[in-house]
file structure22.txt (compact mmCIF, C-alpha atoms and all ligand atoms)
# COMPACT_ATOMS: atom_id res chain seq x y z
CA MET R 6 -20.39 -12.73 -83.77
CA VAL R 7 -16.94 -12.87 -85.23
CA LEU R 8 -17.38 -9.72 -87.22
CA LYS R 9 -18.49 -7.78 -84.20
CA SER R 10 -15.64 -8.82 -81.95
CA ASN R 11 -13.09 -8.17 -84.68
CA LEU R 12 -14.45 -4.74 -85.30
CA LYS R 13 -14.48 -3.97 -81.62
CA LYS R 14 -10.89 -5.06 -81.29
CA GLN R 15 -9.88 -2.83 -84.16
CA PHE R 16 -11.76 0.10 -82.79
CA SER R 17 -10.39 -0.08 -79.29
CA ALA R 18 -6.91 -0.61 -80.68
CA GLN R 19 -7.33 2.58 -82.65
CA GLN R 20 -8.56 4.38 -79.59
CA ASP R 21 -5.67 3.21 -77.46
CA ALA R 22 -2.97 3.84 -79.99
CA VAL R 23 -1.08 6.96 -79.11
CA GLU R 24 1.36 7.17 -81.93
CA ASP R 25 0.25 5.55 -85.07
CA ASN R 26 1.64 4.89 -88.46
CA LEU R 27 -0.51 6.61 -91.05
CA GLU R 28 -0.53 3.79 -93.58
CA VAL R 29 -1.28 1.16 -90.98
CA ARG R 30 -4.17 3.25 -89.77
CA GLU R 31 -5.50 3.84 -93.26
CA GLN R 32 -5.37 0.12 -93.93
CA ARG R 33 -7.22 -0.60 -90.72
CA GLN R 34 -9.82 2.04 -91.51
CA LEU R 35 -10.43 0.42 -94.87
CA GLU R 36 -11.04 -2.91 -93.19
CA GLU R 37 -13.32 -1.33 -90.63
CA GLU R 38 -15.29 0.36 -93.35
CA LYS R 39 -15.90 -2.93 -95.12
CA GLY R 40 -17.41 -4.44 -91.98
CA VAL R 41 -19.34 -1.32 -91.15
CA ARG R 42 -20.72 -0.98 -94.66
CA GLU R 43 -22.08 -4.49 -94.42
CA LEU R 44 -23.76 -3.67 -91.12
CA VAL R 45 -25.25 -0.51 -92.60
CA ILE R 46 -26.65 -2.39 -95.59
CA ARG R 47 -28.15 -5.04 -93.33
CA SER R 48 -29.64 -2.31 -91.13
CA GLN R 49 -31.17 -0.67 -94.18
CA GLN R 50 -32.82 -3.98 -95.00
CA GLY R 51 -34.42 -3.97 -91.58
CA ASP R 52 -31.95 -6.10 -89.63
CA GLN R 53 -32.19 -4.61 -86.15
CA GLU R 54 -29.34 -6.71 -84.79
CA ALA R 55 -27.03 -5.17 -87.36
CA PHE R 56 -28.11 -1.72 -86.27
CA ARG R 57 -27.49 -2.60 -82.63
CA GLU R 58 -23.98 -3.67 -83.57
CA LEU R 59 -23.38 -0.31 -85.22
CA VAL R 60 -24.59 1.36 -82.04
CA ASP R 61 -22.28 -0.81 -79.93
CA ILE R 62 -19.29 -0.04 -82.09
CA TYR R 63 -19.76 3.67 -82.22
CA ARG R 64 -21.56 4.87 -79.13
CA THR R 65 -18.58 5.61 -76.89
CA ARG R 66 -16.79 7.27 -79.77
CA VAL R 67 -19.79 9.45 -80.49
CA ALA R 68 -20.16 10.25 -76.80
CA SER R 69 -16.50 11.19 -76.44
CA ILE R 70 -16.64 13.54 -79.43
CA ALA R 71 -19.76 15.13 -77.96
CA TYR R 72 -18.07 15.37 -74.55
CA GLY R 73 -15.20 17.30 -76.12
CA VAL R 74 -17.67 20.03 -77.01
CA VAL R 75 -20.26 19.99 -74.23
CA GLY R 76 -18.07 18.97 -71.28
CA ASN R 77 -20.54 16.65 -69.57
CA TYR R 78 -20.80 12.87 -69.90
CA GLU R 79 -24.54 12.70 -69.29
CA ASP R 80 -25.26 15.33 -71.91
CA ALA R 81 -22.81 13.64 -74.26
CA ARG R 82 -24.67 10.35 -73.79
CA ASP R 83 -28.03 12.04 -74.46
CA ILE R 84 -26.60 13.64 -77.58
CA SER R 85 -25.38 10.23 -78.81
CA GLN R 86 -28.83 8.81 -78.22
CA GLU R 87 -30.37 11.58 -80.29
CA VAL R 88 -27.78 11.04 -83.01
CA PHE R 89 -28.38 7.29 -83.28
CA ILE R 90 -32.14 7.75 -83.45
CA LYS R 91 -31.68 10.30 -86.22
CA ILE R 92 -29.36 7.89 -87.99
CA TYR R 93 -31.89 5.08 -87.71
CA ARG R 94 -34.70 7.21 -89.08
CA SER R 95 -32.77 8.41 -92.11
CA LEU R 96 -30.81 5.22 -92.69
CA SER R 97 -32.75 4.37 -95.82
CA ARG R 98 -31.56 7.58 -97.44
CA PHE R 99 -27.91 6.92 -96.67
CA ASP R 100 -25.77 6.17 -99.70
CA THR R 101 -23.62 3.19 -98.71
CA LYS R 102 -20.95 4.23 -101.19
CA LYS R 103 -20.13 7.01 -98.75
CA LYS R 104 -18.34 6.67 -95.45
CA PHE R 105 -20.68 5.92 -92.59
CA PHE R 106 -18.51 7.49 -89.91
CA THR R 107 -18.38 10.83 -91.75
CA TRP R 108 -22.16 10.99 -91.65
CA LEU R 109 -22.39 9.77 -88.06
CA TYR R 110 -19.80 12.21 -86.73
CA ARG R 111 -21.25 15.07 -88.75
CA LEU R 112 -24.57 14.56 -87.00
CA THR R 113 -22.67 14.34 -83.70
CA VAL R 114 -20.86 17.60 -84.31
CA ASN R 115 -24.07 19.37 -85.32
CA ALA R 116 -26.06 17.99 -82.40
CA SER R 117 -23.31 19.00 -79.94
CA ILE R 118 -23.11 22.53 -81.28
CA ASP R 119 -26.90 22.83 -81.26
CA PHE R 120 -26.87 21.63 -77.67
CA LEU R 121 -24.33 24.29 -76.71
CA ARG R 122 -26.45 26.98 -78.35
CA ALA R 123 -29.55 25.86 -76.48
CA ASN R 124 -27.71 25.68 -73.14
CA LYS R 125 -25.51 28.73 -73.38
CA LYS R 126 -26.11 29.89 -69.84
CA ARG R 127 -24.85 26.73 -68.23
CA SER R 128 -21.34 27.03 -66.91
CA LEU R 129 -18.92 24.19 -66.39
CA HIS R 130 -19.71 24.22 -62.70
CA ASP R 131 -23.42 23.71 -63.31
CA SER R 132 -22.70 20.95 -65.76
CA ILE R 133 -20.46 19.07 -63.33
CA GLU R 134 -23.09 19.53 -60.61
CA SER R 135 -25.83 18.18 -62.83
CA ASP R 136 -23.76 15.27 -64.11
CA ASP R 137 -25.42 12.31 -62.45
CA SER R 138 -22.39 10.12 -62.67
CA PHE R 139 -20.71 12.53 -60.29
CA THR R 140 -23.52 13.71 -58.06
CA GLN R 141 -24.35 10.11 -57.23
CA TYR R 142 -21.25 10.09 -55.13
CA PRO R 143 -20.91 8.70 -52.50
CA ASP R 144 -23.95 6.37 -52.56
CA LYS R 145 -23.13 4.42 -55.66
CA ARG R 146 -19.39 4.48 -55.30
CA GLU R 147 -17.17 2.33 -53.20
CA GLU R 148 -14.85 3.78 -50.60
CA SER R 149 -11.80 2.69 -52.53
CA ASN R 150 -13.00 4.70 -55.49
CA ILE R 151 -13.04 8.08 -53.76
CA ASP R 152 -9.53 9.00 -54.83
CA GLY R 153 -10.38 8.10 -58.39
CA TRP R 154 -13.52 10.17 -58.17
CA PHE R 155 -11.66 13.29 -57.08
CA GLU R 156 -8.91 12.71 -59.58
CA ASN R 157 -11.43 12.40 -62.38
CA LEU R 158 -13.24 15.56 -61.32
CA GLU R 159 -9.96 17.43 -61.20
CA GLN R 160 -8.93 16.14 -64.61
CA ARG R 161 -12.20 17.26 -66.12
CA GLU R 162 -11.71 20.70 -64.66
CA ILE R 163 -8.22 20.87 -66.12
CA PHE R 164 -9.50 19.75 -69.52
CA GLU R 165 -12.24 22.39 -69.44
CA LYS R 166 -9.60 24.96 -68.54
CA ILE R 167 -7.35 23.97 -71.43
CA VAL R 168 -10.14 24.28 -73.99
CA GLU R 169 -11.78 27.26 -72.29
CA TYR R 170 -10.81 29.84 -74.93
CA LEU R 171 -11.65 27.65 -77.92
CA ASN R 172 -14.87 28.26 -79.82
CA PRO R 173 -16.99 25.18 -80.65
CA ARG R 174 -15.48 24.78 -84.15
CA GLN R 175 -11.93 24.97 -82.79
CA LYS R 176 -12.82 22.45 -80.08
CA MET R 177 -14.25 20.18 -82.74
CA ALA R 178 -11.10 20.42 -84.84
CA PHE R 179 -8.93 19.67 -81.80
CA VAL R 180 -11.08 16.72 -80.73
CA LEU R 181 -11.33 15.17 -84.20
CA CYS R 182 -7.75 15.64 -85.37
CA ASP R 183 -5.65 15.60 -82.24
CA LEU R 184 -7.67 13.39 -79.92
CA LYS R 185 -9.44 11.09 -82.36
CA GLY R 186 -6.65 11.01 -84.94
CA PHE R 187 -8.61 11.98 -88.03
CA THR R 188 -6.65 13.58 -90.84
CA SER R 189 -7.56 17.19 -91.56
CA ASN R 190 -9.16 16.01 -94.78
CA GLU R 191 -11.50 13.64 -92.93
CA ALA R 192 -12.24 16.19 -90.21
CA ALA R 193 -13.04 18.84 -92.83
CA LYS R 194 -15.58 16.47 -94.39
CA ILE R 195 -17.13 15.83 -90.98
CA ILE R 196 -17.38 19.50 -90.06
CA GLU R 197 -18.32 20.34 -93.66
CA CYS R 198 -15.81 23.07 -94.27
CA PRO R 199 -12.88 23.50 -96.63
CA GLN R 200 -9.71 21.79 -95.50
CA THR R 201 -7.90 25.10 -95.23
CA THR R 202 -10.55 26.40 -92.84
CA LEU R 203 -10.18 23.25 -90.78
CA ARG R 204 -6.39 23.76 -90.66
CA TRP R 205 -7.04 27.28 -89.49
CA TYR R 206 -9.37 26.12 -86.66
CA LEU R 207 -6.77 23.58 -85.70
CA HIS R 208 -3.96 26.09 -85.74
CA GLU R 209 -5.92 28.50 -83.54
CA ALA R 210 -6.97 25.72 -81.17
CA ARG R 211 -3.41 24.48 -80.69
CA LYS R 212 -2.06 27.99 -80.24
CA LYS R 213 -4.66 28.77 -77.57
CA ILE R 214 -4.11 25.46 -75.80
CA ARG R 215 -0.37 25.97 -75.76
CA ALA R 216 -0.75 29.48 -74.36
CA THR R 217 -3.15 28.30 -71.64
CA VAL R 218 -0.97 25.36 -70.66
CA GLN R 219 2.10 27.58 -70.49
CA THR R 220 0.46 30.02 -68.10
CA GLU R 221 -1.85 27.71 -66.10
CA TYR R 222 -0.11 24.34 -66.04
CA PRO R 223 3.52 25.02 -66.93
CA GLU R 224 4.95 21.75 -65.60
CA TYR R 225 1.86 19.59 -65.53
CA PHE R 226 2.25 17.84 -68.87
CA ARG R 227 6.02 17.81 -69.14
CA GLN R 228 7.84 14.54 -69.74
CA GLY R 229 4.76 12.49 -69.03
CA LYS R 230 4.93 13.14 -65.30
CA LYS R 231 1.84 14.78 -63.99
CA THR R 232 2.79 17.02 -61.14
CA LYS R 233 -0.10 19.02 -59.86
CA PRO R 234 0.26 22.74 -60.47
CA ASP R 235 -0.26 23.60 -56.80
CA ASP R 236 2.19 21.09 -55.31
CA MET T 7 13.53 23.51 -90.65
CA ASN T 8 13.44 26.11 -87.94
CA CYS T 9 11.97 25.66 -84.47
CA LYS T 10 8.79 27.58 -85.16
CA LYS T 11 7.97 25.44 -88.15
CA VAL T 12 8.80 22.22 -86.33
CA ALA T 13 6.63 23.32 -83.42
CA SER T 14 3.67 23.71 -85.75
CA TYR T 15 4.23 20.17 -87.09
CA ILE T 16 4.55 18.57 -83.64
CA PRO T 17 0.82 17.87 -83.07
CA ASP T 18 0.45 16.19 -86.46
CA TYR T 19 3.69 14.34 -85.85
CA ILE T 20 2.41 13.02 -82.52
CA SER T 21 -0.89 11.85 -83.98
CA GLY T 22 0.88 10.25 -86.95
CA ASN T 23 -0.61 12.56 -89.56
CA LEU T 24 2.61 13.76 -91.18
CA SER T 25 3.90 12.58 -94.52
CA GLU T 26 6.98 10.33 -94.33
CA ASN T 27 9.13 13.05 -95.78
CA ARG T 28 8.14 15.68 -93.27
CA LYS T 29 8.22 13.18 -90.45
CA LYS T 30 11.88 12.53 -91.17
CA LEU T 31 12.66 16.24 -91.16
CA VAL T 32 10.89 16.66 -87.83
CA GLU T 33 12.71 13.69 -86.34
CA GLN T 34 16.05 15.03 -87.54
CA HIS T 35 15.35 18.32 -85.83
CA LEU T 36 14.07 16.70 -82.64
CA SER T 37 17.25 14.71 -82.31
CA VAL T 38 19.29 17.90 -82.01
CA CYS T 39 16.90 20.40 -80.41
CA ALA T 40 16.03 20.02 -76.74
CA ASN T 41 13.48 22.82 -76.87
CA CYS T 42 11.34 21.23 -79.53
CA GLN T 43 11.80 17.84 -77.91
CA SER T 44 10.36 19.20 -74.71
CA TRP T 45 7.44 20.77 -76.58
CA ALA T 46 6.79 17.43 -78.27
CA GLU T 47 6.74 15.69 -74.88
CA GLU T 48 4.42 18.33 -73.51
CA TRP T 49 2.02 18.07 -76.44
CA ARG T 50 2.04 14.29 -76.12
CA GLY T 51 1.09 14.76 -72.47
CA ILE T 52 -1.71 17.21 -73.30
CA ARG T 53 -3.02 14.94 -76.02
CA ASN T 54 -3.00 11.73 -74.00
CA PHE T 55 -4.52 13.45 -71.02
CA SER T 56 -7.31 15.05 -73.10
CA ALA T 57 -8.03 11.88 -75.05
CA GLN T 58 -8.46 10.06 -71.75
CA VAL T 59 -10.73 12.75 -70.26
CA ILE T 60 -13.14 12.83 -73.20
CA HIS T 61 -13.51 9.07 -73.16
CA PRO T 62 -16.70 8.26 -71.22
CA PRO T 63 -15.99 6.59 -67.86
CA ALA T 64 -16.64 2.86 -67.59
CA ASP T 65 -19.35 3.41 -64.99
CA LEU T 66 -21.36 5.87 -67.05
CA ASP T 67 -24.97 4.76 -66.88
CA TRP T 68 -26.04 3.81 -70.43
CA GLU T 69 -29.45 2.59 -69.36
CA PRO T 70 -31.45 5.65 -70.54
CA PHE T 71 -29.65 5.40 -73.86
CA ASP T 72 -30.43 1.69 -74.27
CA ARG T 73 -34.04 2.29 -73.34
CA ALA T 74 -34.41 5.04 -75.94
CA ILE T 75 -32.84 2.90 -78.68
CA ASP T 76 -35.05 -0.08 -77.77
CA ALA T 77 -38.14 2.13 -77.86
CA GLU T 78 -37.15 3.50 -81.26
CA LEU T 79 -36.55 0.04 -82.73
CA GLU T 80 -39.87 -1.11 -81.40
CA ARG T 81 -41.71 1.90 -82.77
CA ASN T 82 -40.14 1.60 -86.22
CA PRO T 83 -39.45 -2.11 -86.81
CA ALA T 84 -37.68 -1.43 -90.10
CA PRO T 85 -36.26 1.73 -91.56
CA VAL T 86 -38.41 3.10 -94.36
CA ARG T 87 -37.10 1.84 -97.68
CA ARG T 88 -36.21 4.24 -100.39
CA ARG T 89 -38.75 3.84 -103.17
CA PHE T 90 -36.68 5.14 -106.05
CA SER T 91 -33.02 5.38 -106.54
CA LEU T 92 -31.79 8.91 -107.23
CA SER T 93 -30.90 8.08 -110.82
CA GLU T 94 -34.40 6.70 -111.44
CA VAL T 95 -35.92 9.90 -110.06
CA TRP T 96 -33.62 12.00 -112.22
CA ASP T 97 -34.46 9.99 -115.37
CA TYR T 98 -38.14 10.41 -114.60
CA ILE T 99 -37.88 14.17 -114.09
CA ARG T 100 -35.79 14.58 -117.22
CA GLY T 101 -38.26 12.55 -119.26
CA GLU T 102 -41.22 14.52 -117.92
CA LEU T 103 -39.52 17.86 -118.48
CA TRP T 104 -38.91 17.01 -122.07
CA ASN T 105 -42.33 15.47 -122.65
CA PHE T 106 -44.43 18.01 -120.84
CA PRO T 107 -44.92 20.68 -123.53
CA ARG T 108 -46.06 18.28 -126.19
CA ILE T 109 -47.07 20.97 -128.67
CA LEU T 110 -44.03 22.16 -130.62
CA PRO T 111 -44.52 25.97 -130.31
CA LEU T 112 -45.03 25.62 -126.57
CA ARG T 113 -41.94 23.47 -126.27
CA LEU T 114 -39.95 26.07 -128.22
CA SER T 115 -41.15 28.98 -126.12
CA VAL T 116 -40.35 27.13 -122.89
CA SER T 117 -36.84 26.44 -124.18
CA VAL T 118 -36.34 30.09 -125.19
CA ALA T 119 -37.58 31.23 -121.78
CA ALA T 120 -35.16 28.85 -120.07
CA VAL T 121 -32.21 30.13 -122.12
CA CYS T 122 -33.18 33.75 -121.35
CA LEU T 123 -33.41 32.93 -117.66
CA ILE T 124 -29.93 31.37 -117.68
CA ILE T 125 -28.46 34.40 -119.47
CA PHE T 126 -30.18 36.72 -117.02
CA LEU T 127 -28.96 34.77 -113.99
CA SER T 128 -25.41 34.46 -115.22
CA GLY T 129 -25.20 38.25 -115.36
CA HIS T 130 -26.40 38.62 -111.80
CA LEU T 131 -24.98 35.65 -110.01
CA ASP T 132 -21.35 35.20 -109.28
CA PHE T 133 -20.84 31.72 -110.67
CA PHE T 134 -17.14 31.75 -110.03
CA PRO T 135 -16.60 33.75 -106.86
CA GLN T 136 -13.04 34.93 -106.47
CA SER T 137 -12.84 33.89 -102.85
CA ASP T 138 -9.16 33.07 -103.09
CA GLN T 139 -8.21 36.69 -103.59
CA PRO T 140 -6.74 38.42 -100.57
CA PRO T 141 -9.58 40.67 -99.39
CA PHE T 142 -7.44 43.27 -97.67
CA ASP T 143 -3.91 44.47 -97.60
CA LEU T 144 -2.04 41.46 -96.30
CA THR T 145 0.98 43.52 -95.35
CA LEU T 146 -1.13 44.87 -92.48
CA ALA T 147 -1.92 41.42 -91.18
CA ASP T 148 -0.32 38.97 -88.90
CA HIS T 149 0.73 36.25 -91.32
CA TYR T 150 0.76 32.55 -90.97
CA PHE T 151 1.64 29.89 -93.45
CA SER T 152 0.50 26.36 -93.23
CA GLU T 153 1.97 23.94 -95.65
CA GLN T 154 0.33 20.79 -96.71
CA ASP T 155 1.59 18.51 -99.37
CA GLY T 156 1.54 20.42 -102.62
CA GLU T 157 -0.19 23.50 -101.32
CA ILE T 158 0.40 26.51 -99.19
CA SER T 159 -2.13 28.54 -97.29
CA LEU T 160 -1.62 31.99 -95.96
CA TYR T 161 -3.76 32.79 -93.02
CA ALA T 162 -4.07 36.44 -92.26
CA GLN T 163 -5.45 37.85 -89.09
CA GLY T 164 -6.31 41.52 -89.19
CA GLN T 165 -7.65 43.75 -86.47
CA GLU T 166 -11.29 43.25 -87.31
CA ASN T 167 -11.51 40.02 -89.19
CA THR T 168 -9.78 36.79 -89.92
CA VAL T 169 -9.43 35.62 -93.46
CA PHE T 170 -7.36 33.15 -95.26
CA TYR T 171 -5.81 33.19 -98.62
CA HIS T 172 -5.25 29.86 -100.18
CA GLU T 173 -3.12 29.07 -103.17
CA VAL T 174 -1.98 25.78 -104.56
CA ILE T 175 1.65 26.10 -105.56
CA ASN T 176 4.46 23.72 -106.07
CA VAL T 177 5.98 23.30 -102.64
CA THR T 178 9.24 21.90 -103.99
CA SER T 179 9.88 25.22 -105.71
CA VAL T 180 10.14 26.97 -102.34
CA GLU T 181 12.00 24.22 -100.50
CA GLY T 182 15.04 25.61 -98.79
CA LYS T 183 13.74 29.14 -98.53
CA ASP T 184 11.76 30.19 -95.55
CA TYR T 185 9.08 32.68 -96.41
CA ASN T 186 7.19 32.16 -93.22
CA TYR T 187 8.85 34.12 -90.54
ZN ZN V 301 13.83 23.34 -82.24

call {"tool": "encode", "arguments": {"input": "structure22.txt", "output": "structure tokens", "more": "lines below"}}
Ligand SMILES: [Zn+2]
result
Amino acid sequence: MVLKSNLKKQFSAQQDAVEDNLEVREQRQLEEEKGVRELVIRSQQGDQEAFRELVDIYRTRVASIAYGVVGNYEDARDISQEVFIKIYRSLSRFDTKKKFFTWLYRLTVNASIDFLRANKKRSLHDSIESDDSFTQYPDKREESNIDGWFENLEQREIFEKIVEYLNPRQKMAFVLCDLKGFTSNEAAKIIECPQTTLRWYLHEARKKIRATVQTEYPEYFRQGKKTKPDD
Amino acid sequence: MNCKKVASYIPDYISGNLSENRKKLVEQHLSVCANCQSWAEEWRGIRNFSAQVIHPPADLDWEPFDRAIDAELERNPAPVRRRFSLSEVWDYIRGELWNFPRILPLRLSVSVAAVCLIIFLSGHLDFFPQSDQPPFDLTLADHYFSEQDGEISLYAQGQENTVFYHEVINVTSVEGKDYNY
């Protein structure tokens, strides 16, 4: 599957890229869209393999966007599952002239926010406790991985702390624009709000994050070195 | 550009979402301002850290997900095909609407009723809502400008509510003057 491996390469490259040239990225997105559109059309015609490829390409991206809102990998995975099933069921109604990822991420955003509404009572602590990938420790994990396990847990707590004062829309704007690299125009289409509203969410999110980092983790993120706040 | 403005551009600068023009201005400022440079480094740190955290770990168990997708594909071997294209449906409806009252007087009265309804509705519905008007005295608010290419938005946060006032103006006409702060 040449197409598949090429697409995957492009996608992971986009994910890894920290600083990116806008035009280069736009060009790459255009190429991605061509491949994706073909897969969508084949899926609409009943080609299950094509649909599986779409799932392969997008599932970690969908899960990471969902994680940004719900703060739990297991829940994020379940949300992605729900999203892909919804996509599959309404695939025939999708207009292939439109961008697939806008539709996919819109469903992701909505499903994540619905999930939050339905699980309002659950705190971060509960969600970390119930996250199987972490409660399975130490059975499923090797001794050498223990440090990594604690580090990961700590990082998740720090992330939750940084986004603690953001409402779901502000989190979404932060995740889509700052972490996933969408332009505010694309993110506005995904969230289905005017671009100015999106800029406002983003502005508030960044302001809150900056304030939290300044009081809670003043040196933690400086100059790329990650000194722990307590050390 | 002053520090406050540069600081607000830093996140977009780091994620590569600034126009070339603005990028140059930011870079010029960064080369002479240690404060903004340090904020840029810090934001880069926050961004890279967060992007890494939200990425699902390699050992996340995808088995329940795979099972659910397999079950779905088995249940519905092919997605239901759309029977009509939207334009076909529209042509059909339009044709039917026009053909339905085949007797001339009836057709006339339906048309008159439709026109009356439109006139009635247009009086009661706000077809062109003036949502871009500032809804309260902006001098009381905490102001914030965000500039995008070719347009300026004023965000105003009052005591009770948050609104924004958006106006497309020619940005070049205000270049060099700083209305923001
Ligand atoms: Zn400065």

call {"tool": "residues_near_ligand", "arguments": {"input": "structure22.txt", "ligand": "ligand ZN 301 (chain V)", "cutoff": "6 Å", "atoms": "all atoms listed in the file", "output": "list of chain:residue names"}}
result
T:Cys9, T:Cys39, T:Asn41, T:Cys42

call {"tool": "write_last_selection", "arguments": {"input": "structure22.txt", "atoms": "C-alpha atoms", "output": "PDB file, in the frame of the given file"}}
result
ATOM      1  CA  CYS T   9      11.970  25.660 -84.470  1.00  0.00           C
ATOM      2  CA  CYS T  39      16.900  20.400 -80.410  1.00  0.00           C
ATOM      3  CA  ASN T  41      13.480  22.820 -76.870  1.00  0.00           C
ATOM      4  CA  CYS T  42      11.340  21.230 -79.530  1.00  0.00           C
TER       5      CYS T  42
END

call {"tool": "interface_residues", "arguments": {"input": "structure22.txt", "of": "chain T", "to": "chain R", "cutoff": "7 Å", "atoms": "only C-alpha atoms", "output": "CSV table (one decimal) with C-alpha atoms, in the frame of the given file"}}
result
chain,number,residue,atom,x,y,z
T,17,PRO,CA,0.8,17.9,-83.1
T,20,ILE,CA,2.4,13.0,-82.5
T,21,SER,CA,-0.9,11.8,-84.0
T,22,GLY,CA,0.9,10.2,-87.0
T,23,ASN,CA,-0.6,12.6,-89.6
T,47,GLU,CA,6.7,15.7,-74.9
T,48,GLU,CA,4.4,18.3,-73.5
T,51,GLY,CA,1.1,14.8,-72.5
T,52,ILE,CA,-1.7,17.2,-73.3
T,53,ARG,CA,-3.0,14.9,-76.0
T,56,SER,CA,-7.3,15.0,-73.1
T,57,ALA,CA,-8.0,11.9,-75.0
T,59,VAL,CA,-10.7,12.8,-70.3
T,60,ILE,CA,-13.1,12.8,-73.2
T,61,HIS,CA,-13.5,9.1,-73.2
T,62,PRO,CA,-16.7,8.3,-71.2
T,66,LEU,CA,-21.4,5.9,-67.0
T,71,PHE,CA,-29.6,5.4,-73.9
T,75,ILE,CA,-32.8,2.9,-78.7
T,78,GLU,CA,-37.2,3.5,-81.3
T,84,ALA,CA,-37.7,-1.4,-90.1
T,85,PRO,CA,-36.3,1.7,-91.6
T,86,VAL,CA,-38.4,3.1,-94.4
T,87,ARG,CA,-37.1,1.8,-97.7
T,88,ARG,CA,-36.2,4.2,-100.4

call {"tool": "closest_atom_pairs", "arguments": {"input": "structure22.txt", "of": "stretch 20-111 of chain T", "to": "stretch 11-14 of chain T", "cutoff": "9 Å", "atoms": "all atoms listed in the file", "output": "JSON lines"}}
result
{"residue": "T:Leu31", "atom": "CA", "partner": "T:Val12", "partner_atom": "CA", "distance": 8.6}
{"residue": "T:Val32", "atom": "CA", "partner": "T:Val12", "partner_atom": "CA", "distance": 6.1}
{"residue": "T:His35", "atom": "CA", "partner": "T:Val12", "partner_atom": "CA", "distance": 7.6}
{"residue": "T:Leu36", "atom": "CA", "partner": "T:Val12", "partner_atom": "CA", "distance": 8.5}
{"residue": "T:Cys42", "atom": "CA", "partner": "T:Ala13", "partner_atom": "CA", "distance": 6.5}
{"residue": "T:Trp45", "atom": "CA", "partner": "T:Ala13", "partner_atom": "CA", "distance": 7.3}
{"residue": "T:Ala46", "atom": "CA", "partner": "T:Ala13", "partner_atom": "CA", "distance": 7.8}

call {"tool": "atom_distance", "arguments": {"input": "structure22.txt", "atom1": "atom CA of R:Glu191", "atom2": "atom CA of R:Tyr63"}}
result
16.8 Å

call {"tool": "atom_distance", "arguments": {"input": "structure22.txt", "atom1": "atom CA of T:Asp97", "atom2": "atom CA of T:Ile125"}}
result
25.5 Å

call {"tool": "atom_distance", "arguments": {"input": "structure22.txt", "atom1": "atom CA of R:Lys166", "atom2": "atom CA of R:Ala123"}}
result
21.5 Å

call {"tool": "build_atoms", "arguments": {"input": "structure22.txt", "residues": "stretch 60-69 of chain R", "atoms": "N, CA, C and O atoms", "output": "tab-separated table (two decimals), in the coordinates of the input"}}
result
chain	number	residue	atom	x	y	z
R	60	VAL	N	-24.48	0.54	-83.25
R	60	VAL	CA	-24.59	1.36	-82.04
R	60	VAL	C	-23.49	0.98	-81.06
R	60	VAL	O	-22.80	1.84	-80.50
R	61	ASP	N	-23.30	-0.33	-80.86
R	61	ASP	CA	-22.28	-0.81	-79.93
R	61	ASP	C	-20.88	-0.34	-80.32
R	61	ASP	O	-20.08	0.04	-79.48
R	62	ILE	N	-20.62	-0.41	-81.61
R	62	ILE	CA	-19.29	-0.04	-82.09
R	62	ILE	C	-19.02	1.44	-81.87
R	62	ILE	O	-17.94	1.84	-81.46
R	63	TYR	N	-20.03	2.24	-82.14
R	63	TYR	CA	-19.76	3.67	-82.22
R	63	TYR	C	-20.18	4.50	-81.01
R	63	TYR	O	-19.83	5.67	-80.93
R	64	ARG	N	-20.96	3.94	-80.08
R	64	ARG	CA	-21.56	4.87	-79.13
R	64	ARG	C	-20.57	5.58	-78.21
R	64	ARG	O	-20.73	6.77	-77.96
R	65	THR	N	-19.52	4.88	-77.75
R	65	THR	CA	-18.58	5.61	-76.89
R	65	THR	C	-17.78	6.63	-77.69
R	65	THR	O	-17.42	7.69	-77.17
R	66	ARG	N	-17.52	6.31	-78.94
R	66	ARG	CA	-16.79	7.27	-79.77
R	66	ARG	C	-17.63	8.51	-80.01
R	66	ARG	O	-17.14	9.64	-79.93
R	67	VAL	N	-18.90	8.30	-80.30
R	67	VAL	CA	-19.79	9.45	-80.49
R	67	VAL	C	-19.88	10.26	-79.21
R	67	VAL	O	-19.77	11.48	-79.22
R	68	ALA	N	-20.03	9.55	-78.08
R	68	ALA	CA	-20.16	10.25	-76.80
R	68	ALA	C	-18.88	11.02	-76.47
R	68	ALA	O	-18.95	12.12	-75.91
R	69	SER	N	-17.72	10.47	-76.80
R	69	SER	CA	-16.50	11.19	-76.44
R	69	SER	C	-16.30	12.42	-77.32
R	69	SER	O	-15.84	13.46	-76.84
